[in-house]
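> structure-v9.pdb is the file, holding PDB, C-alpha atoms:
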ATOM      1  CA  MET A  32     -18.233 -62.524 -34.117
ATOM      2  CA  ALA A  33     -16.432 -62.210 -30.775
ATOM      3  CA  ARG A  34     -14.130 -59.563 -32.251
ATOM      4  CA  HIS A  35     -17.150 -57.678 -33.623
ATOM      5  CA  HIS A  36     -18.762 -57.615 -30.174
ATOM      6  CA  GLN A  37     -15.456 -56.546 -28.643
ATOM      7  CA  ASN A  38     -15.159 -53.683 -31.111
ATOM      8  CA  ARG A  39     -18.698 -52.562 -30.340
ATOM      9  CA  ALA A  40     -17.941 -52.677 -26.613
ATOM     10  CA  ASP A  41     -14.762 -50.632 -27.124
ATOM     11  CA  ARG A  42     -16.678 -48.050 -29.149
ATOM     12  CA  ARG A  43     -19.309 -47.773 -26.415
ATOM     13  CA  LYS A  44     -16.604 -47.255 -23.814
ATOM     14  CA  LEU A  45     -15.007 -44.578 -25.981
ATOM     15  CA  GLU A  46     -18.374 -42.887 -26.542
ATOM     16  CA  ASP A  47     -18.982 -42.929 -22.793
ATOM     17  CA  ARG A  48     -15.609 -41.342 -22.114
ATOM     18  CA  ILE A  49     -16.273 -38.594 -24.663
ATOM     19  CA  ARG A  50     -19.746 -37.979 -23.234
ATOM     20  CA  VAL A  51     -18.581 -37.851 -19.606
ATOM     21  CA  LEU A  52     -15.696 -35.504 -20.399
ATOM     22  CA  ALA A  53     -17.924 -33.192 -22.435
ATOM     23  CA  GLU A  54     -20.609 -33.142 -19.741
ATOM     24  CA  HIS A  55     -17.974 -32.209 -17.187
ATOM     25  CA  GLN A  56     -16.876 -29.323 -19.439
ATOM     26  CA  HIS A  57     -20.298 -27.758 -20.047
ATOM     27  CA  GLY A  58     -20.881 -29.798 -23.185
ATOM     28  CA  VAL A  59     -17.635 -29.004 -25.029
ATOM     29  CA  ILE A  60     -14.508 -30.924 -25.934
ATOM     30  CA  SER A  61     -11.309 -30.105 -27.815
ATOM     31  CA  GLN A  62      -9.554 -31.989 -30.570
ATOM     32  CA  ARG A  63      -6.489 -32.119 -28.328
ATOM     33  CA  GLN A  64      -8.527 -34.031 -25.750
ATOM     34  CA  LEU A  65      -9.923 -36.319 -28.441
ATOM     35  CA  ASP A  66      -6.362 -37.023 -29.554
ATOM     36  CA  ASP A  67      -5.505 -37.982 -25.983
ATOM     37  CA  LEU A  68      -8.431 -40.418 -26.041
ATOM     38  CA  GLY A  69      -7.064 -41.960 -29.233
ATOM     39  CA  VAL A  70      -9.803 -40.549 -31.466
ATOM     40  CA  GLY A  71      -8.823 -39.491 -34.968
ATOM     41  CA  ARG A  72      -9.712 -36.073 -36.364
ATOM     42  CA  HIS A  73     -12.245 -37.601 -38.755
ATOM     43  CA  LEU A  74     -14.744 -38.232 -35.934
ATOM     44  CA  ALA A  75     -15.339 -34.577 -35.061
ATOM     45  CA  HIS A  76     -15.446 -33.593 -38.728
ATOM     46  CA  ARG A  77     -18.018 -36.281 -39.556
ATOM     47  CA  ARG A  78     -20.230 -35.471 -36.585
ATOM     48  CA  CYS A  79     -20.204 -31.750 -37.373
ATOM     49  CA  GLU A  80     -21.247 -32.592 -40.952
ATOM     50  CA  GLN A  81     -24.059 -34.773 -39.576
ATOM     51  CA  GLY A  82     -25.236 -31.963 -37.293
ATOM     52  CA  ILE A  83     -24.621 -34.056 -34.172
ATOM     53  CA  TRP A  84     -21.809 -31.746 -32.994
ATOM     54  CA  SER A  85     -21.077 -28.127 -33.789
ATOM     55  CA  ARG A  86     -17.751 -26.348 -34.138
ATOM     56  CA  LEU A  87     -17.412 -23.451 -31.637
ATOM     57  CA  HIS A  88     -13.768 -22.595 -32.351
ATOM     58  CA  PRO A  89     -11.082 -24.231 -34.464
ATOM     59  CA  GLY A  90     -10.472 -27.525 -32.701
ATOM     60  CA  VAL A  91     -13.268 -27.073 -30.115
ATOM     61  CA  PHE A  92     -16.712 -28.670 -30.436
ATOM     62  CA  ALA A  93     -20.065 -28.640 -28.712
ATOM     63  CA  VAL A  94     -21.140 -32.231 -28.144
ATOM     64  CA  GLY A  95     -24.833 -32.824 -28.722
ATOM     65  CA  ALA A  96     -27.400 -30.189 -27.848
ATOM     66  CA  ALA A  97     -25.624 -28.620 -24.874
ATOM     67  CA  PRO A  98     -27.224 -25.264 -23.903
ATOM     68  CA  ALA A  99     -25.257 -22.150 -24.891
ATOM     69  CA  THR A 100     -24.503 -20.945 -21.366
ATOM     70  CA  ARG A 101     -21.939 -18.367 -20.240
ATOM     71  CA  GLU A 102     -19.895 -21.217 -18.741
ATOM     72  CA  ARG A 103     -19.885 -23.049 -22.085
ATOM     73  CA  ARG A 104     -18.639 -19.935 -23.894
ATOM     74  CA  LEU A 105     -15.855 -19.456 -21.337
ATOM     75  CA  MET A 106     -14.873 -23.134 -21.256
ATOM     76  CA  SER A 107     -14.723 -23.352 -25.046
ATOM     77  CA  SER A 108     -12.553 -20.216 -25.250
ATOM     78  CA  VAL A 109     -10.126 -21.566 -22.649
ATOM     79  CA  LEU A 110      -9.826 -24.829 -24.591
ATOM     80  CA  ALA A 111      -9.395 -22.954 -27.873
ATOM     81  CA  ALA A 112      -6.569 -20.833 -26.430
ATOM     82  CA  GLY A 113      -4.469 -23.934 -25.820
ATOM     83  CA  PRO A 114      -2.535 -25.433 -22.913
ATOM     84  CA  GLU A 115      -2.046 -23.213 -19.847
ATOM     85  CA  ALA A 116      -4.835 -20.836 -20.892
ATOM     86  CA  ILE A 117      -6.903 -19.862 -17.893
ATOM     87  CA  ALA A 118     -10.072 -17.883 -17.129
ATOM     88  CA  SER A 119      -9.083 -14.620 -15.470
ATOM     89  CA  HIS A 120      -9.903 -11.013 -14.594
ATOM     90  CA  ARG A 121     -13.653 -10.230 -14.675
ATOM     91  CA  ALA A 122     -14.600 -13.721 -15.853
ATOM     92  CA  ALA A 123     -12.680 -15.268 -12.947
ATOM     93  CA  ALA A 124     -14.226 -12.795 -10.497
ATOM     94  CA  GLN A 125     -17.669 -13.920 -11.657
ATOM     95  CA  LEU A 126     -16.716 -17.587 -11.282
ATOM     96  CA  TRP A 127     -15.500 -16.857  -7.750
ATOM     97  CA  GLU A 128     -18.744 -14.894  -7.188
ATOM     98  CA  ILE A 129     -16.882 -11.784  -6.062
ATOM     99  CA  GLY A 130     -17.590  -9.643  -9.117
ATOM    100  CA  GLY A 131     -21.006  -8.353  -8.149
ATOM    101  CA  ARG A 132     -23.952  -8.518 -10.501
ATOM    102  CA  ARG A 133     -22.269  -6.964 -13.511
ATOM    103  CA  ALA A 134     -22.061  -9.018 -16.678
ATOM    104  CA  ALA A 135     -18.511 -10.224 -17.266
ATOM    105  CA  PRO A 136     -16.887 -10.681 -20.659
ATOM    106  CA  VAL A 137     -15.295 -13.951 -21.715
ATOM    107  CA  GLU A 138     -11.823 -13.106 -20.426
ATOM    108  CA  LEU A 139      -8.729 -15.238 -20.132
ATOM    109  CA  THR A 140      -4.965 -15.140 -19.784
ATOM    110  CA  ILE A 141      -2.424 -16.978 -21.915
ATOM    111  CA  PRO A 142       1.383 -17.236 -21.716
ATOM    112  CA  ARG A 143       3.214 -14.369 -23.389
ATOM    113  CA  GLY A 144       3.927 -15.129 -27.022
ATOM    114  CA  ARG A 145       0.977 -17.473 -27.509
ATOM    115  CA  ARG A 146      -0.828 -16.659 -30.772
ATOM    116  CA  HIS A 147      -4.240 -18.208 -30.106
ATOM    117  CA  ARG A 148      -6.972 -15.564 -29.814
ATOM    118  CA  PRO A 149     -10.415 -17.180 -29.521
ATOM    119  CA  ARG A 150     -13.102 -15.202 -31.278
ATOM    120  CA  GLY A 151     -15.214 -13.088 -28.912
ATOM    121  CA  ALA A 152     -12.815 -13.321 -25.952
ATOM    122  CA  VAL A 153     -10.782 -10.658 -24.164
ATOM    123  CA  VAL A 154      -7.293 -12.161 -24.069
ATOM    124  CA  HIS A 155      -4.395 -11.052 -21.844
ATOM    125  CA  GLU A 156      -0.795 -12.189 -22.202
ATOM    126  CA  ALA A 157       1.178 -12.693 -18.989
ATOM    127  CA  ARG A 158       4.815 -13.237 -18.134
ATOM    128  CA  ASP A 159       3.905 -14.408 -14.622
ATOM    129  CA  LEU A 160       1.332 -17.064 -15.461
ATOM    130  CA  ASP A 161       3.534 -19.644 -13.700
ATOM    131  CA  PHE A 162       2.555 -17.954 -10.431
ATOM    132  CA  ALA A 163      -1.184 -18.179 -11.101
ATOM    133  CA  GLU A 164      -1.768 -21.634  -9.520
ATOM    134  CA  PRO A 165      -4.987 -22.404 -11.439
ATOM    135  CA  CYS A 166      -8.079 -23.608  -9.641
ATOM    136  CA  LEU A 167     -11.182 -25.237 -11.067
ATOM    137  CA  ARG A 168     -14.293 -23.114 -10.729
ATOM    138  CA  SER A 169     -17.346 -24.695 -12.329
ATOM    139  CA  ALA A 170     -14.821 -27.129 -13.855
ATOM    140  CA  ILE A 171     -13.116 -24.230 -15.681
ATOM    141  CA  PRO A 172      -9.363 -23.593 -15.119
ATOM    142  CA  THR A 173      -9.362 -20.250 -13.322
ATOM    143  CA  THR A 174      -6.908 -17.961 -11.566
ATOM    144  CA  GLY A 175      -6.746 -18.326  -7.789
ATOM    145  CA  LEU A 176      -8.719 -15.978  -5.580
ATOM    146  CA  ALA A 177      -5.975 -13.500  -4.659
ATOM    147  CA  ARG A 178      -4.534 -13.462  -8.198
ATOM    148  CA  THR A 179      -8.040 -12.807  -9.539
ATOM    149  CA  ILE A 180      -8.344  -9.744  -7.312
ATOM    150  CA  LEU A 181      -4.931  -8.504  -8.455
ATOM    151  CA  ASP A 182      -5.904  -8.920 -12.124
ATOM    152  CA  LEU A 183      -9.265  -7.280 -11.514
ATOM    153  CA  GLY A 184      -7.430  -4.107 -10.544
ATOM    154  CA  ALA A 185      -5.990  -3.912 -14.062
ATOM    155  CA  VAL A 186      -9.363  -3.868 -15.842
ATOM    156  CA  ALA A 187     -11.977  -2.820 -13.264
ATOM    157  CA  PRO A 188     -10.232  -1.029 -10.362
ATOM    158  CA  GLU A 189     -13.556   0.253  -9.023
ATOM    159  CA  GLN A 190     -14.572  -3.363  -8.285
ATOM    160  CA  VAL A 191     -11.518  -4.377  -6.259
ATOM    161  CA  ARG A 192     -12.608  -3.076  -2.862
ATOM    162  CA  GLY A 193     -15.942  -4.887  -3.085
ATOM    163  CA  ALA A 194     -14.234  -8.029  -4.395
ATOM    164  CA  ILE A 195     -11.921  -8.088  -1.371
ATOM    165  CA  ARG A 196     -14.846  -7.710   1.019
ATOM    166  CA  SER A 197     -16.736 -10.497  -0.726
ATOM    167  CA  ALA A 198     -13.690 -12.792  -0.821
ATOM    168  CA  ARG A 199     -12.980 -12.261   2.866
ATOM    169  CA  ARG A 200     -16.608 -12.826   3.818
ATOM    170  CA  ASN A 201     -17.422 -15.781   1.579
ATOM    171  CA  HIS A 202     -14.054 -17.476   1.009
ATOM    172  CA  GLU A 203     -12.180 -16.585   4.206
ATOM    173  CA  LEU A 204      -9.455 -14.820   2.240
ATOM    174  CA  GLU A 205      -6.791 -13.402   4.562
ATOM    175  CA  TRP A 206      -5.035 -10.061   4.186
ATOM    176  CA  SER A 207      -1.785 -11.994   4.339
ATOM    177  CA  ASP A 208      -2.862 -13.895   1.185
ATOM    178  CA  LEU A 209      -3.134 -10.595  -0.659
ATOM    179  CA  LEU A 210       0.190  -9.446   0.759
ATOM    180  CA  ASP A 211       1.846 -12.647  -0.446
ATOM    181  CA  THR A 212       0.328 -12.137  -3.903
ATOM    182  CA  LEU A 213       1.747  -8.624  -4.044
ATOM    183  CA  ALA A 214       5.180  -9.905  -3.079
ATOM    184  CA  VAL A 215       5.155 -12.715  -5.661
ATOM    185  CA  HIS A 216       3.907 -10.563  -8.541
ATOM    186  CA  SER A 217       5.674  -7.342  -7.650
ATOM    187  CA  ARG A 218       7.421  -5.722 -10.598
ATOM    188  CA  ARG A 219       7.425  -2.199 -11.931
ATOM    189  CA  GLY A 220       4.467  -1.531 -14.212
ATOM    190  CA  ARG A 221       2.626  -4.781 -13.420
ATOM    191  CA  PRO A 222      -1.083  -4.047 -14.193
ATOM    192  CA  GLY A 223      -3.328  -4.040 -11.132
ATOM    193  CA  LEU A 224      -0.481  -3.903  -8.630
ATOM    194  CA  GLY A 225      -0.936  -0.281  -7.579
ATOM    195  CA  VAL A 226      -4.670  -0.656  -6.964
ATOM    196  CA  LEU A 227      -4.281  -3.695  -4.731
ATOM    197  CA  ARG A 228      -1.204  -2.271  -3.015
ATOM    198  CA  ARG A 229      -3.090   0.842  -1.899
ATOM    199  CA  LEU A 230      -5.984  -1.170  -0.475
ATOM    200  CA  VAL A 231      -3.728  -3.611   1.378
ATOM    201  CA  ALA A 232      -1.595  -0.709   2.611
ATOM    202  CA  ALA A 233      -4.707   0.910   4.066
ATOM    203  CA  HIS A 234      -5.267  -2.245   6.134
ATOM    204  CA  TYR A 235      -1.709  -2.733   7.316
ATOM    205  CA  GLY A 236      -0.811   0.943   7.604
ATOM    206  CA  GLU A 237       2.172   0.516   5.280
ATOM    207  CA  MET A 238       3.482  -1.807   2.632
ATOM    208  CA  ALA A 239       6.736  -3.655   2.098
ATOM    209  CA  GLY A 240       8.593  -2.355  -0.896
ATOM    210  CA  ASP A 241       5.843   0.214  -1.427
ATOM    211  CA  SER A 242       7.168   2.618  -4.035
ATOM    212  CA  ALA A 243       4.760   5.277  -2.758
ATOM    213  CA  THR A 244       6.329   5.040   0.714
ATOM    214  CA  GLU A 245       9.821   5.182  -0.757
ATOM    215  CA  ASP A 246       8.729   8.149  -2.890
ATOM    216  CA  HIS A 247       7.504   9.863   0.266
ATOM    217  CA  ALA A 248      10.883   9.427   1.960
ATOM    218  CA  PHE A 249      12.712  10.691  -1.123
ATOM    219  CA  THR A 250      10.416  13.734  -1.425
ATOM    220  CA  LEU A 251      10.971  14.663   2.229
ATOM    221  CA  LEU A 252      14.737  14.565   1.741
ATOM    222  CA  TRP A 253      14.663  16.278  -1.659
ATOM    223  CA  SER A 254      12.576  19.177  -0.332
ATOM    224  CA  SER A 255      14.619  19.591   2.857
ATOM    225  CA  SER A 256      17.355  22.210   3.139
ATOM    226  CA  LEU A 257      18.998  20.230   5.924
ATOM    227  CA  VAL A 258      20.583  17.390   3.947
ATOM    228  CA  PRO A 259      21.758  16.649   0.379
ATOM    229  CA  THR A 260      19.401  14.851  -1.982
ATOM    230  CA  PRO A 261      20.021  11.085  -1.945
ATOM    231  CA  GLU A 262      20.427   8.719  -4.857
ATOM    232  CA  ARG A 263      17.802   6.017  -5.319
ATOM    233  CA  HIS A 264      18.299   2.239  -5.547
ATOM    234  CA  VAL A 265      21.996   2.328  -4.745
ATOM    235  CA  PRO A 266      24.106  -0.879  -5.050
ATOM    236  CA  VAL A 267      26.018  -1.530  -1.808
ATOM    237  CA  LEU A 268      28.709  -4.171  -1.278
ATOM    238  CA  CYS A 269      28.342  -6.088   2.002
ATOM    239  CA  ALA A 270      31.109  -7.662   4.053
ATOM    240  CA  ASP A 271      30.228 -11.153   2.781
ATOM    241  CA  GLY A 272      30.758 -10.030  -0.817
ATOM    242  CA  VAL A 273      27.069  -9.833  -1.655
ATOM    243  CA  THR A 274      25.816  -6.655  -3.352
ATOM    244  CA  VAL A 275      22.426  -5.426  -2.140
ATOM    245  CA  THR A 276      20.347  -2.445  -3.259
ATOM    246  CA  ALA A 277      19.650   0.287  -0.719
ATOM    247  CA  ASP A 278      16.448   2.299  -1.195
ATOM    248  CA  LEU A 279      18.148   5.696  -0.751
ATOM    249  CA  GLY A 280      21.761   6.594  -0.218
ATOM    250  CA  TRP A 281      24.763   8.903  -0.286
ATOM    251  CA  PRO A 282      27.606   6.641  -1.500
ATOM    252  CA  ARG A 283      30.185   9.404  -0.971
ATOM    253  CA  TRP A 284      29.630   9.119   2.786
ATOM    254  CA  ARG A 285      28.650   5.409   2.812
ATOM    255  CA  ALA A 286      25.289   6.366   4.311
ATOM    256  CA  TYR A 287      21.962   4.810   3.344
ATOM    257  CA  VAL A 288      18.265   4.739   4.244
ATOM    258  CA  GLU A 289      16.167   1.576   4.048
ATOM    259  CA  VAL A 290      12.371   1.999   3.969
ATOM    260  CA  GLN A 291      10.769  -1.049   5.573
ATOM    261  CA  GLY A 292       7.245  -2.373   5.229
ATOM    262  CA  VAL A 293       4.972  -4.494   7.349
ATOM    263  CA  ASP A 294       6.394  -7.842   6.250
ATOM    264  CA  HIS A 295       9.781  -6.855   7.702
ATOM    265  CA  PHE A 296       8.024  -7.003  11.081
ATOM    266  CA  THR A 297       5.596  -9.910  10.553
ATOM    267  CA  ASN A 298       7.557 -12.357   8.387
ATOM    268  CA  GLU A 299       9.986 -14.338  10.553
ATOM    269  CA  ASP A 300      12.057 -15.610   7.606
ATOM    270  CA  LEU A 301      12.463 -12.074   6.298
ATOM    271  CA  GLN A 302      13.450 -10.875   9.782
ATOM    272  CA  HIS A 303      16.342 -13.347   9.848
ATOM    273  CA  THR A 304      17.402 -12.268   6.350
ATOM    274  CA  ASP A 305      17.250  -8.623   7.405
ATOM    275  CA  LEU A 306      19.367  -9.275  10.506
ATOM    276  CA  HIS A 307      22.059 -10.941   8.407
ATOM    277  CA  ARG A 308      21.950  -8.089   5.915
ATOM    278  CA  ARG A 309      22.200  -5.460   8.667
ATOM    279  CA  ASN A 310      25.178  -7.220  10.200
ATOM    280  CA  GLN A 311      26.978  -7.470   6.865
ATOM    281  CA  LEU A 312      26.345  -3.813   6.054
ATOM    282  CA  HIS A 313      27.643  -2.800   9.493
ATOM    283  CA  LEU A 314      30.726  -5.014   9.219
ATOM    284  CA  ALA A 315      31.490  -3.456   5.830
ATOM    285  CA  GLY A 316      31.526  -0.030   7.463
ATOM    286  CA  HIS A 317      28.281   1.341   6.032
ATOM    287  CA  ASN A 318      25.977   3.665   7.959
ATOM    288  CA  VAL A 319      22.341   2.644   7.572
ATOM    289  CA  LEU A 320      19.143   4.185   8.921
ATOM    290  CA  TYR A 321      15.961   2.081   8.924
ATOM    291  CA  VAL A 322      12.547   3.744   8.785
ATOM    292  CA  SER A 323       8.943   2.528   8.405
ATOM    293  CA  GLY A 324       6.178   4.095   6.385
ATOM    294  CA  ARG A 325       4.258   4.809   9.572
ATOM    295  CA  GLN A 326       7.204   6.724  11.017
ATOM    296  CA  LEU A 327       7.450   8.805   7.843
ATOM    297  CA  ARG A 328       3.801   9.770   8.091
ATOM    298  CA  SER A 329       3.602  10.362  11.820
ATOM    299  CA  ASP A 330       6.872  12.247  12.429
ATOM    300  CA  PRO A 331       8.635  13.403   9.252
ATOM    301  CA  SER A 332      10.676  16.018  11.128
ATOM    302  CA  ARG A 333      12.189  13.273  13.315
ATOM    303  CA  PHE A 334      13.078  11.324  10.168
ATOM    304  CA  LEU A 335      14.904  14.343   8.717
ATOM    305  CA  ALA A 336      16.736  14.943  11.982
ATOM    306  CA  ASP A 337      17.809  11.286  12.120
ATOM    307  CA  VAL A 338      19.107  11.427   8.539
ATOM    308  CA  GLU A 339      21.083  14.583   9.331
ATOM    309  CA  ALA A 340      22.604  12.872  12.370
ATOM    310  CA  LEU A 341      23.436   9.802  10.259
ATOM    311  CA  LEU A 342      25.228  11.898   7.652
ATOM    312  CA  ARG A 343      27.128  13.926  10.236
ATOM    313  CA  ARG A 344      28.355  10.752  11.892
ATOM    314  CA  ALA A 345      29.418   9.490   8.447
ATOM    315  CA  GLY A 346      31.552  12.604   7.886
ATOM    316  CA  TRP A 347      29.216  14.936   6.020
ATOM    317  CA  ARG A 348      29.170  18.628   6.969
ATOM    318  CA  PRO A 349      26.647  21.304   5.996
ATOM    319  CA  GLY A 350      27.627  22.891   2.709
ATOM    320  CA  ALA A 351      29.130  19.652   1.373
ATOM    321  CA  PHE A 352      26.430  19.005  -1.204
TER     322      PHE A 352
END
Any chance you could put this one into structure tokens?

Amino acid sequence: MARHHQNRADRRKLEDRIRVLAEHQHGVISQRQLDDLGVGRHLAHRRCEQGIWSRLHPGVFAVGAAPATRERRLMSSVLAAGPEAIASHRAAAQLWEIGGRRAAPVELTIPRGRRHRPRGAVVHEARDLDFAEPCLRSAIPTTGLARTILDLGAVAPEQVRGAIRSARRNHELEWSDLLDTLAVHSRRGRPGLGVLRRLVAAHYGEMAGDSATEDHAFTLLWSSSLVPTPERHVPVLCADGVTVTADLGWPRWRAYVEVQGVDHFTNEDLQHTDLHRRNQLHLAGHNVLYVSGRQLRSDPSRFLADVEALLRRAGWRPGAF
């Protein structure tokens, strides 16, 4: 009899744990979570047959008569997509309340190579999901605020400017947070990067590693009759044996141009790295000219004159193209 009462008490505790977890997750629970609670797969199957639960996705169940809300649809899709799946893009913007009044699809991001595709969801694969630092919004694993804005640029670029304003007003998002996000996620072809980069650049006046700024410098030199056209992304060996990549250069004359962005002037750690790099380039006998995006825009003729002077000092003479 005592064992019978103990078993009933254990079942009640287990039922309470299932109920509390499901309530926290908008009325849904996954088989993976049931496994973690020590519940066999027969329980969900039996309760679906009895009409007590309903199956929303393979391995994901609605517990009881939970209302079919947008949050329940999103939560169930995230659970169905497996570990590390996360609400993102327009769905995340709506959870952060920076997406305006437009209806958002059920949208999530999964690690690249994952095969789970929940029915009715817009699913993105990402190589940089490790950088996402998920937050809980309405108890749903969601991309962080700055990452959400970056992702939004890939699917709804017209919403990004308003999302930034809303995030800064309602969540105290700093421009430096967006700059850090650009730096962490920066890679050629990364969706959403160009949209966010242009908006942040408009605030700072220039951007670190901004390909548009580097393109501007290259175009000025390419179209000039004063100097030879440089090579781009040139490997340069420093005095300490480390090879770095110069933005633009003329290896024949050991002359290079580095286009610097705002974080070269505002990030103290990067300043120290830059000083060491400058010293090592100088000690190795290289001739390097440093220029900012603002200088390129405000006085391009001065930039061209400085490059000509750099090349002449390095041994170049007109006609030696």
> Using 7 Å as the limit and counting all atoms listed in the file, can you tabulate each residue of region 47-164 of chain A that touches region 179-197 of chain A, with its shortest atom-to-atom distance in Å and the two atoms involved, as CSV?

residue,atom,partner,partner_atom,distance
A:Ser119,CA,A:Thr179,CA,6.3
A:His120,CA,A:Leu183,CA,4.9
A:Arg121,CA,A:Leu183,CA,6.2
A:Ala123,CA,A:Thr179,CA,6.3
A:Ala124,CA,A:Thr179,CA,6.3
A:Ile129,CA,A:Ala194,CA,4.9
A:Gly130,CA,A:Ala194,CA,6.0
> Taking only C-alpha atoms into account, which of A:Arg178, A:Gln302, A:Val258, A:Asp246 comes nearest Leu227 (chain A)?
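Distance minimum relative to Leu227 (chain A) lands on A:Arg178.
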> Which residues would end up in the selection if the PyMOL selection byres ((chain A and resi 255) around 12) were applied here, given that I need the answer as a PDB file with C-alpha atoms, in the coordinates of the input?

ATOM      1  CA  ALA A 248      10.883   9.427   1.960  1.00  0.00           C
ATOM      2  CA  PHE A 249      12.712  10.691  -1.123  1.00  0.00           C
ATOM      3  CA  THR A 250      10.416  13.734  -1.425  1.00  0.00           C
ATOM      4  CA  LEU A 251      10.971  14.663   2.229  1.00  0.00           C
ATOM      5  CA  LEU A 252      14.737  14.565   1.741  1.00  0.00           C
ATOM      6  CA  TRP A 253      14.663  16.278  -1.659  1.00  0.00           C
ATOM      7  CA  SER A 254      12.576  19.177  -0.332  1.00  0.00           C
ATOM      8  CA  SER A 256      17.355  22.210   3.139  1.00  0.00           C
ATOM      9  CA  LEU A 257      18.998  20.230   5.924  1.00  0.00           C
ATOM     10  CA  VAL A 258      20.583  17.390   3.947  1.00  0.00           C
ATOM     11  CA  PRO A 259      21.758  16.649   0.379  1.00  0.00           C
ATOM     12  CA  THR A 260      19.401  14.851  -1.982  1.00  0.00           C
ATOM     13  CA  PRO A 261      20.021  11.085  -1.945  1.00  0.00           C
ATOM     14  CA  PRO A 331       8.635  13.403   9.252  1.00  0.00           C
ATOM     15  CA  SER A 332      10.676  16.018  11.128  1.00  0.00           C
ATOM     16  CA  PHE A 334      13.078  11.324  10.168  1.00  0.00           C
ATOM     17  CA  LEU A 335      14.904  14.343   8.717  1.00  0.00           C
ATOM     18  CA  ALA A 336      16.736  14.943  11.982  1.00  0.00           C
ATOM     19  CA  VAL A 338      19.107  11.427   8.539  1.00  0.00           C
ATOM     20  CA  GLU A 339      21.083  14.583   9.331  1.00  0.00           C
TER      21      GLU A 339
END
> Considering all atoms listed in the file, return as a ChimeraX atom specification whatever protein or nucleic-acid residues lie within 7 Å of Ser107 (chain A), sequence-local ones (same chain, fewer than 4 positions apart) excluded.
/A:59,91,103,111
> Applied to this file, what does the PyMOL selection byres ((chain A and resi 209) around 10) return in terms of residues, put as a count of residues only?
21
> Write out as a ChimeraX atom specification the residues lying within 9 Å of Leu314 (chain A), counting only C-alpha atoms and excluding same-chain residues fewer than 5 positions away.
/A:269-271,309
> Report as a list in words the residues that result from applying the PyMOL selection byres ((chain A and resi 324) around 7) to the structure here.
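For this structure, the PyMOL selection byres ((chain A and resi 324) around 7) captures Glu237, Thr244, Val290, Gln291, Gly292, Val322, Ser323, Arg325, Gln326, Leu327 and Arg328 of chain A.
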> Pick from A:Gly131, A:Arg42, A:Arg101, A:Leu306: nearest to Val70 (chain A), with all atoms listed in the file counted?
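Looking at the shortest contact to Val70 (chain A), the residue is A:Arg42.
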